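**Student:** Just so it is clear, I am handing over input-v8.cif, which has mmCIF, C-alpha atoms and all ligand atoms.
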data_upload
#
loop_
_atom_site.label_atom_id
_atom_site.label_comp_id
_atom_site.auth_asym_id
_atom_site.auth_seq_id
_atom_site.Cartn_x
_atom_site.Cartn_y
_atom_site.Cartn_z
CA MET A 53 -45.41 3.67 -5.46
CA ARG A 54 -42.95 5.20 -3.00
CA VAL A 55 -39.63 3.38 -3.30
CA LEU A 56 -36.93 3.95 -0.73
CA GLU A 57 -34.13 2.06 -2.42
CA VAL A 58 -33.32 -0.52 -5.08
CA PHE A 59 -30.07 -2.44 -4.80
CA ASP A 60 -28.43 -5.66 -5.88
CA SER A 61 -27.12 -7.88 -3.10
CA LEU A 62 -27.27 -11.31 -1.51
CA GLN A 63 -30.33 -12.34 0.42
CA GLY A 64 -29.16 -12.21 4.01
CA GLU A 65 -31.97 -14.03 5.76
CA GLY A 66 -33.96 -17.23 5.74
CA VAL A 67 -34.17 -20.03 3.21
CA TRP A 68 -32.62 -18.04 0.36
CA ALA A 69 -29.67 -16.66 2.33
CA GLY A 70 -26.64 -16.28 0.10
CA VAL A 71 -28.60 -16.07 -3.16
CA ALA A 72 -28.13 -13.00 -5.34
CA MET A 73 -31.21 -10.90 -5.95
CA THR A 74 -32.32 -7.32 -6.46
CA PHE A 75 -34.06 -5.72 -3.51
CA VAL A 76 -36.84 -3.17 -3.87
CA ARG A 77 -37.60 -1.51 -0.55
CA PHE A 78 -40.95 0.29 -0.39
CA ALA A 79 -41.68 3.16 1.95
CA GLY A 80 -44.37 2.79 4.59
CA CYS A 81 -45.09 0.39 7.42
CA ASN A 82 -48.23 -0.32 9.43
CA ALA A 83 -46.40 -1.55 12.54
CA SER A 84 -46.97 1.69 14.40
CA ASP A 85 -50.74 1.69 13.68
CA LEU A 86 -50.95 -1.92 14.85
CA ARG A 87 -48.59 -1.38 17.80
CA LEU A 88 -46.40 -4.27 16.77
CA GLY A 89 -43.56 -5.21 19.05
CA CYS A 90 -41.01 -5.17 16.23
CA LEU A 91 -40.85 -1.38 16.48
CA ALA A 92 -38.41 -1.98 19.35
CA TRP A 93 -35.85 -3.80 17.21
CA CYS A 94 -36.67 -3.02 13.58
CA ASP A 95 -33.48 -2.66 11.53
CA THR A 96 -35.10 -0.54 8.79
CA PRO A 97 -36.75 2.38 10.62
CA GLN A 98 -35.99 4.54 7.60
CA SER A 99 -38.79 2.64 5.84
CA TRP A 100 -41.56 3.55 8.28
CA ARG A 101 -42.74 6.81 6.70
CA ALA A 102 -45.16 6.32 3.81
CA ASP A 103 -44.00 9.55 2.21
CA GLY A 104 -40.35 8.52 2.22
CA GLY A 105 -38.39 7.60 -0.86
CA VAL A 106 -39.23 8.53 -4.43
CA GLU A 107 -42.42 8.09 -6.44
CA THR A 108 -41.59 5.32 -8.90
CA ASP A 109 -43.81 3.52 -11.39
CA SER A 110 -43.73 -0.18 -12.15
CA ALA A 111 -42.05 0.28 -15.54
CA GLN A 112 -39.14 2.06 -13.88
CA ILE A 113 -38.81 -0.68 -11.28
CA VAL A 114 -38.92 -3.46 -13.87
CA GLU A 115 -36.31 -1.67 -15.96
CA ARG A 116 -33.99 -1.34 -12.97
CA VAL A 117 -34.44 -4.97 -11.93
CA LEU A 118 -33.70 -6.19 -15.44
CA ARG A 119 -30.63 -3.96 -15.59
CA GLY A 120 -29.29 -5.71 -12.49
CA GLY A 121 -29.45 -8.97 -14.41
CA LEU A 122 -29.93 -11.21 -11.37
CA GLY A 123 -33.24 -12.72 -12.47
CA ARG A 124 -34.71 -12.63 -8.98
CA VAL A 125 -36.15 -9.77 -6.97
CA CYS A 126 -37.20 -9.35 -3.36
CA LEU A 127 -40.01 -6.86 -2.73
CA THR A 128 -39.66 -5.69 0.84
CA GLY A 129 -40.15 -2.73 3.12
CA GLY A 130 -41.45 -1.43 5.38
CA GLU A 131 -44.56 -3.38 4.53
CA PRO A 132 -44.77 -3.89 0.75
CA LEU A 133 -48.39 -5.09 0.77
CA LEU A 134 -49.44 -1.53 1.67
CA GLN A 135 -48.86 -0.84 -2.04
CA GLY A 136 -52.01 -2.87 -2.80
CA GLU A 137 -53.03 -3.19 -6.45
CA HIS A 138 -49.91 -1.34 -7.56
CA LEU A 139 -47.86 -4.16 -6.11
CA ALA A 140 -50.03 -6.76 -7.84
CA ARG A 141 -49.43 -5.13 -11.21
CA LEU A 142 -45.71 -4.85 -10.52
CA ILE A 143 -45.48 -8.55 -9.66
CA GLU A 144 -47.26 -9.42 -12.91
CA ARG A 145 -44.94 -7.22 -14.95
CA LEU A 146 -41.83 -8.65 -13.30
CA GLN A 147 -42.99 -12.22 -13.83
CA ASP A 148 -43.94 -11.45 -17.44
CA ALA A 149 -40.35 -10.23 -17.87
CA GLY A 150 -39.04 -13.56 -16.58
CA VAL A 151 -38.03 -12.38 -13.11
CA LEU A 152 -38.68 -14.58 -10.07
CA VAL A 153 -40.47 -12.54 -7.43
CA HIS A 154 -40.06 -12.87 -3.67
CA VAL A 155 -42.24 -10.88 -1.28
CA GLU A 156 -41.48 -10.29 2.39
CA THR A 157 -44.43 -9.25 4.54
CA ASN A 158 -45.31 -8.93 8.20
CA GLY A 159 -48.47 -10.95 7.56
CA THR A 160 -51.02 -8.34 8.60
CA LEU A 161 -52.42 -7.57 5.15
CA PRO A 162 -54.04 -9.76 2.48
CA PRO A 163 -52.17 -10.33 -0.78
CA PRO A 164 -53.00 -7.87 -3.56
CA GLY A 165 -55.19 -9.13 -6.40
CA ALA A 166 -54.88 -12.64 -7.69
CA THR A 167 -51.13 -12.55 -8.11
CA ARG A 168 -48.98 -15.31 -6.70
CA PRO A 169 -45.37 -14.33 -6.08
CA ASP A 170 -42.82 -17.09 -6.60
CA TRP A 171 -41.88 -17.00 -2.92
CA VAL A 172 -43.69 -15.47 0.05
CA THR A 173 -41.86 -14.94 3.31
CA VAL A 174 -44.09 -14.01 6.21
CA SER A 175 -42.45 -12.63 9.30
CA PRO A 176 -45.24 -12.34 11.86
CA LYS A 177 -44.63 -9.87 14.63
CA PRO A 178 -45.15 -9.76 18.38
CA PRO A 179 -47.15 -9.48 20.48
CA ASP A 180 -49.79 -11.60 18.67
CA TYR A 181 -47.95 -13.00 15.62
CA VAL A 182 -51.07 -12.52 13.48
CA ILE A 183 -51.13 -13.81 9.91
CA VAL A 184 -54.30 -12.74 8.08
CA GLY A 185 -56.48 -15.44 6.55
CA GLY A 186 -55.92 -14.11 3.04
CA LEU A 187 -52.35 -15.38 3.15
CA CYS A 188 -53.38 -18.95 3.96
CA GLY A 189 -51.90 -21.38 1.46
CA MET A 190 -49.40 -18.77 0.24
CA VAL A 191 -46.83 -18.87 3.01
CA ASP A 192 -43.62 -20.46 1.73
CA GLU A 193 -41.50 -19.34 4.66
CA LEU A 194 -42.19 -18.36 8.23
CA LYS A 195 -39.38 -16.17 9.51
CA VAL A 196 -39.70 -15.45 13.19
CA VAL A 197 -37.38 -13.08 15.01
CA VAL A 198 -36.31 -14.46 18.37
CA ASP A 199 -36.43 -11.53 20.78
CA GLN A 200 -36.35 -11.37 24.56
CA ASP A 201 -40.05 -12.35 24.80
CA PHE A 202 -39.85 -15.29 22.40
CA GLN A 203 -41.85 -18.38 23.25
CA VAL A 204 -41.39 -21.46 21.14
CA ALA A 205 -45.09 -22.40 21.49
CA TRP A 206 -46.01 -19.44 19.29
CA VAL A 207 -43.90 -20.77 16.44
CA GLU A 208 -45.21 -24.30 16.93
CA ALA A 209 -48.75 -22.93 16.52
CA LEU A 210 -47.80 -20.94 13.40
CA ALA A 211 -46.05 -23.96 11.90
CA ALA A 212 -49.14 -26.08 12.51
CA GLU A 213 -51.32 -23.48 10.77
CA HIS A 214 -48.94 -23.31 7.78
CA PRO A 215 -47.61 -26.86 7.47
CA SER A 216 -45.95 -26.39 4.09
CA ALA A 217 -43.92 -23.37 5.18
CA ALA A 218 -40.21 -23.55 5.95
CA VAL A 219 -39.60 -22.26 9.49
CA CYS A 220 -36.62 -19.99 10.12
CA LEU A 221 -35.73 -18.59 13.53
CA GLN A 222 -33.72 -15.41 13.42
CA PRO A 223 -32.03 -14.17 16.60
CA GLU A 224 -32.62 -10.48 17.27
CA ALA A 225 -29.27 -8.97 16.38
CA SER A 226 -28.82 -6.50 19.24
CA ARG A 227 -28.99 -9.35 21.77
CA LEU A 228 -27.33 -12.04 19.72
CA ALA A 229 -25.49 -13.73 22.58
CA GLU A 230 -28.77 -14.34 24.36
CA THR A 231 -31.23 -14.78 21.47
CA GLY A 232 -28.86 -16.90 19.39
CA LYS A 233 -28.72 -19.57 22.08
CA VAL A 234 -32.51 -19.56 22.48
CA ALA A 235 -32.96 -19.89 18.71
CA ALA A 236 -30.36 -22.65 18.40
CA ASP A 237 -31.98 -24.64 21.21
CA ALA A 238 -35.40 -24.29 19.56
CA VAL A 239 -34.04 -25.54 16.24
CA LEU A 240 -32.36 -28.50 17.93
CA ALA A 241 -35.70 -29.38 19.50
CA HIS A 242 -37.51 -29.05 16.16
CA PRO A 243 -35.59 -30.80 13.38
CA GLY A 244 -36.64 -29.26 10.10
CA TRP A 245 -36.61 -25.73 11.42
CA ARG A 246 -33.51 -23.72 10.67
CA LEU A 247 -31.44 -20.92 12.13
CA SER A 248 -31.24 -17.66 10.17
CA ILE A 249 -28.30 -15.42 10.94
CA GLN A 250 -28.36 -12.10 9.08
CA LEU A 251 -25.65 -12.83 6.55
CA HIS A 252 -25.56 -9.28 5.19
CA ARG A 253 -24.63 -8.00 8.65
CA VAL A 254 -21.82 -10.54 8.93
CA LEU A 255 -20.49 -9.55 5.51
CA GLY A 256 -21.13 -5.82 5.92
CA ILE A 257 -23.12 -5.61 2.70
CA PRO A 258 -26.50 -3.90 2.12
S1 LIG B 1 -43.03 -4.60 10.19
FE1 LIG B 1 -40.91 -4.79 9.48
S2 LIG B 1 -40.35 -2.73 8.71
FE2 LIG B 1 -42.21 -2.50 9.97
S3 LIG B 1 -41.41 -1.97 12.03
FE3 LIG B 1 -41.71 -4.21 11.95
S4 LIG B 1 -39.72 -5.05 11.36
FE4 LIG B 1 -39.72 -2.84 10.85
#
Could you render the structure from this file as structure tokens?
Ligand code: SF4
**Tutor:**
Amino acid sequence: MRVLEVFDSLQGEGVWAGVAMTFVRFAGCNASDLRLGCLAWCDTPQSWRADGGVETDSAQIVERVLRGGLGRVCLTGGEPLLQGEHLARLIERLQDAGVLVHVETNGTLPPPGATRPDWVTVSPKPPDYVIVGGLCGMVDELKVVVDQDFQVAWVEALAAEHPSAAVCLQPEASRLAETGKVAADAVLAHPGWRLSIQLHRVLGIP
């Protein structure tokens, strides 16, 4: 597996914002192949290249996560599900070691193997906000970035398809004055949804 970085920090986004966890960022993203609209505002372009980072096996990752001592890990990217079966085995090894495993995905790939992470955040991307059928029943959190083209009806449809998922609206950071108001209004109109401000940016932490 190509790993770009591993670091201990606070989750900055969504339901678990403020909670300490170790982050494992994998190299590689399929957004360019799929022509996803998030390429315009992605805040981790360093993760796009599949040959970025360092070849790292699951034992090394587990060892590093355990050394951090936080008991919870977030597997992210790029698009971590591009790691396929390797990711499935890593999740199993982490859970066997007593670590709670979060996965953040753009929703365009099925989950690897029969593994069930402890928390799955799906952040579907414009223009079509596709979530593949293989993720049905596994979506714990829908995290939707509110950009200049945002339409609340898209999120209403996603929420109806994934009724057990928490819905978080995250204003696109480079246009916060504009997108923050749109997101706040949408949350006010949909009690139960929540606003996600990127806490790590506010605090200036990784
Ligand atoms: S899917 Fe995620 S990592 Fe890839 S370009 Fe979009 S926002 Fe960036």
**Student:** Using all atoms listed in the file, which residues of the polymer chains come no farther than 7 Å from ligand LIG 1 (chain B)? I'd like the answer as a list of chain:residue names.
**Tutor:** A:Cys81, A:Asn82, A:Ala83, A:Leu88, A:Cys90, A:Leu91, A:Cys94, A:Asp95, A:Thr96, A:Pro97, A:Ser99, A:Trp100, A:Gly129, A:Gly130, A:Glu131, A:Asn158, A:Lys177
**Student:** Using only C-alpha atoms, can you tell me which of A:Arg116, A:Arg87, A:His214, A:Arg168 comes closest to Glu144 in chain A?
**Tutor:**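 Using only C-alpha atoms, Glu144 in chain A sits closest to A:Arg168.
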**Student:** Could you work out how far CA of Glu57 in chain A lies from CA of Asp103 in chain A, giving the answer in Å with one decimal?
**Tutor:**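 If I compute the distance from CA of Asp103 in chain A to CA of Glu57 in chain A, I get 13.2 Å.
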**Student:** Set out as a tab-separated table a contact list for range 65-130 of chain A and range 197-211 of chain A with a cut-off of 10 Å, giving each residue of range 65-130 of chain A that qualifies its closest atom pair and distance in Å to one decimal, counting all atoms listed in the file, ordered by chain and rising residue number.
**Tutor:**
residue	atom	partner	partner_atom	distance
A:Gly89	CA	A:Asp199	CA	9.7
A:Cys90	CA	A:Val197	CA	8.8
A:Ala92	CA	A:Asp199	CA	9.9
A:Trp93	CA	A:Asp199	CA	8.5
**Student:** Quick one: distance from CA of Phe59 in chain A to CA of Phe75 in chain A in Å, one decimal?
**Tutor:**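 It comes out at 5.3 Å.
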**Student:** Choose the residue, out of A:Met190, A:Ala140, A:Val196, A:Ala166, that has the smallest atom-to-atom separation from Pro178 in chain A; count all atoms listed in the file.
**Tutor:**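 Closest to Pro178 in chain A of all the choices is A:Val196.
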**Student:** May I have the residues within 12 Å of Ala236 in chain A as a list in words, using all atoms listed in the file and disregarding those fewer than 5 positions away in the same chain?
**Tutor:** Val198, Val204, Cys220, Leu221, Gln222, Pro223, Leu228, Ala229, Glu230, Thr231, Ala241, His242, Pro243, Trp245, Arg246, Leu247, Ser248 and Ile249 of chain A
**Student:** Using Å and a single decimal, report how far CA of Glu156 in chain A sits from CA of Val71 in chain A.
**Tutor:**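 Those two atoms sit 15.2 Å apart.
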**Student:** Near Leu142 in chain A, counting all atoms listed in the file, which residues have an atom at most 10 Å away, once you skip same-chain residues fewer than 3 positions from it, shown as a ChimeraX atom specification?
**Tutor:** /A:53,109-111,113-114,127,135,137-139,145-148,153,167
**Student:** For Val125 in chain A, list every protein, DNA or RNA residue within 12 Å, evaluated using only C-alpha atoms, and leave out those in the same chain fewer than 3 positions away; present the list as an MDAnalysis selection string.
**Tutor:** chainID A and resid 58:63 68 71:77 113:114 116:122 128 142:143 146:147 149:156 169:172
**Student:** Output requested as a PDB file, in the coordinates of the input - range 172-195 of chain A, filled out with N, CA and C atoms.
**Tutor:**
ATOM      1  N   VAL A 172     -43.131 -16.397  -0.935  1.00  0.00           N
ATOM      2  CA  VAL A 172     -43.690 -15.470   0.050  1.00  0.00           C
ATOM      3  C   VAL A 172     -43.102 -15.793   1.420  1.00  0.00           C
ATOM      4  N   THR A 173     -42.382 -14.829   1.946  1.00  0.00           N
ATOM      5  CA  THR A 173     -41.860 -14.940   3.310  1.00  0.00           C
ATOM      6  C   THR A 173     -42.734 -14.103   4.223  1.00  0.00           C
ATOM      7  N   VAL A 174     -43.297 -14.740   5.226  1.00  0.00           N
ATOM      8  CA  VAL A 174     -44.090 -14.010   6.210  1.00  0.00           C
ATOM      9  C   VAL A 174     -43.330 -13.993   7.523  1.00  0.00           C
ATOM     10  N   SER A 175     -43.146 -12.789   8.021  1.00  0.00           N
ATOM     11  CA  SER A 175     -42.450 -12.630   9.300  1.00  0.00           C
ATOM     12  C   SER A 175     -43.427 -12.014  10.296  1.00  0.00           C
ATOM     13  N   PRO A 176     -44.242 -12.864  10.927  1.00  0.00           N
ATOM     14  CA  PRO A 176     -45.240 -12.340  11.860  1.00  0.00           C
ATOM     15  C   PRO A 176     -44.572 -11.701  13.079  1.00  0.00           C
ATOM     16  N   LYS A 177     -45.248 -10.695  13.597  1.00  0.00           N
ATOM     17  CA  LYS A 177     -44.630  -9.870  14.630  1.00  0.00           C
ATOM     18  C   LYS A 177     -45.323  -9.989  15.976  1.00  0.00           C
ATOM     19  N   PRO A 178     -44.545  -9.790  17.050  1.00  0.00           N
ATOM     20  CA  PRO A 178     -45.150  -9.760  18.380  1.00  0.00           C
ATOM     21  C   PRO A 178     -46.027  -8.513  18.517  1.00  0.00           C
ATOM     22  N   PRO A 179     -46.972  -8.461  19.448  1.00  0.00           N
ATOM     23  CA  PRO A 179     -47.150  -9.480  20.480  1.00  0.00           C
ATOM     24  C   PRO A 179     -48.041 -10.650  20.079  1.00  0.00           C
ATOM     25  N   ASP A 180     -48.791 -10.560  18.964  1.00  0.00           N
ATOM     26  CA  ASP A 180     -49.790 -11.600  18.670  1.00  0.00           C
ATOM     27  C   ASP A 180     -49.431 -12.498  17.496  1.00  0.00           C
ATOM     28  N   TYR A 181     -48.407 -12.172  16.743  1.00  0.00           N
ATOM     29  CA  TYR A 181     -47.950 -13.000  15.620  1.00  0.00           C
ATOM     30  C   TYR A 181     -49.104 -13.345  14.666  1.00  0.00           C
ATOM     31  N   VAL A 182     -49.887 -12.318  14.328  1.00  0.00           N
ATOM     32  CA  VAL A 182     -51.070 -12.520  13.480  1.00  0.00           C
ATOM     33  C   VAL A 182     -50.650 -12.692  12.019  1.00  0.00           C
ATOM     34  N   ILE A 183     -51.231 -13.693  11.366  1.00  0.00           N
ATOM     35  CA  ILE A 183     -51.130 -13.810   9.910  1.00  0.00           C
ATOM     36  C   ILE A 183     -52.564 -13.826   9.386  1.00  0.00           C
ATOM     37  N   VAL A 184     -52.912 -12.863   8.530  1.00  0.00           N
ATOM     38  CA  VAL A 184     -54.300 -12.740   8.080  1.00  0.00           C
ATOM     39  C   VAL A 184     -54.683 -13.952   7.224  1.00  0.00           C
ATOM     40  N   GLY A 185     -55.985 -14.264   7.260  1.00  0.00           N
ATOM     41  CA  GLY A 185     -56.480 -15.440   6.550  1.00  0.00           C
ATOM     42  C   GLY A 185     -56.193 -15.415   5.060  1.00  0.00           C
ATOM     43  N   GLY A 186     -56.154 -14.210   4.477  1.00  0.00           N
ATOM     44  CA  GLY A 186     -55.920 -14.110   3.040  1.00  0.00           C
ATOM     45  C   GLY A 186     -54.588 -14.668   2.589  1.00  0.00           C
ATOM     46  N   LEU A 187     -53.665 -14.839   3.507  1.00  0.00           N
ATOM     47  CA  LEU A 187     -52.350 -15.380   3.150  1.00  0.00           C
ATOM     48  C   LEU A 187     -52.289 -16.898   3.290  1.00  0.00           C
ATOM     49  N   CYS A 188     -53.379 -17.498   3.775  1.00  0.00           N
ATOM     50  CA  CYS A 188     -53.380 -18.950   3.960  1.00  0.00           C
ATOM     51  C   CYS A 188     -53.105 -19.659   2.634  1.00  0.00           C
ATOM     52  N   GLY A 189     -52.248 -20.631   2.671  1.00  0.00           N
ATOM     53  CA  GLY A 189     -51.900 -21.380   1.460  1.00  0.00           C
ATOM     54  C   GLY A 189     -50.835 -20.713   0.626  1.00  0.00           C
ATOM     55  N   MET A 190     -50.413 -19.502   1.018  1.00  0.00           N
ATOM     56  CA  MET A 190     -49.400 -18.770   0.240  1.00  0.00           C
ATOM     57  C   MET A 190     -48.087 -18.635   0.974  1.00  0.00           C
ATOM     58  N   VAL A 191     -48.023 -19.122   2.192  1.00  0.00           N
ATOM     59  CA  VAL A 191     -46.830 -18.870   3.010  1.00  0.00           C
ATOM     60  C   VAL A 191     -45.776 -19.935   2.707  1.00  0.00           C
ATOM     61  N   ASP A 192     -44.712 -19.528   2.033  1.00  0.00           N
ATOM     62  CA  ASP A 192     -43.620 -20.460   1.730  1.00  0.00           C
ATOM     63  C   ASP A 192     -42.618 -20.523   2.868  1.00  0.00           C
ATOM     64  N   GLU A 193     -42.519 -19.438   3.612  1.00  0.00           N
ATOM     65  CA  GLU A 193     -41.500 -19.340   4.660  1.00  0.00           C
ATOM     66  C   GLU A 193     -42.056 -18.542   5.820  1.00  0.00           C
ATOM     67  N   LEU A 194     -41.883 -19.088   7.002  1.00  0.00           N
ATOM     68  CA  LEU A 194     -42.190 -18.360   8.230  1.00  0.00           C
ATOM     69  C   LEU A 194     -40.865 -17.948   8.840  1.00  0.00           C
ATOM     70  N   LYS A 195     -40.639 -16.655   8.938  1.00  0.00           N
ATOM     71  CA  LYS A 195     -39.380 -16.170   9.510  1.00  0.00           C
ATOM     72  C   LYS A 195     -39.715 -15.422  10.799  1.00  0.00           C
TER      73      LYS A 195
END
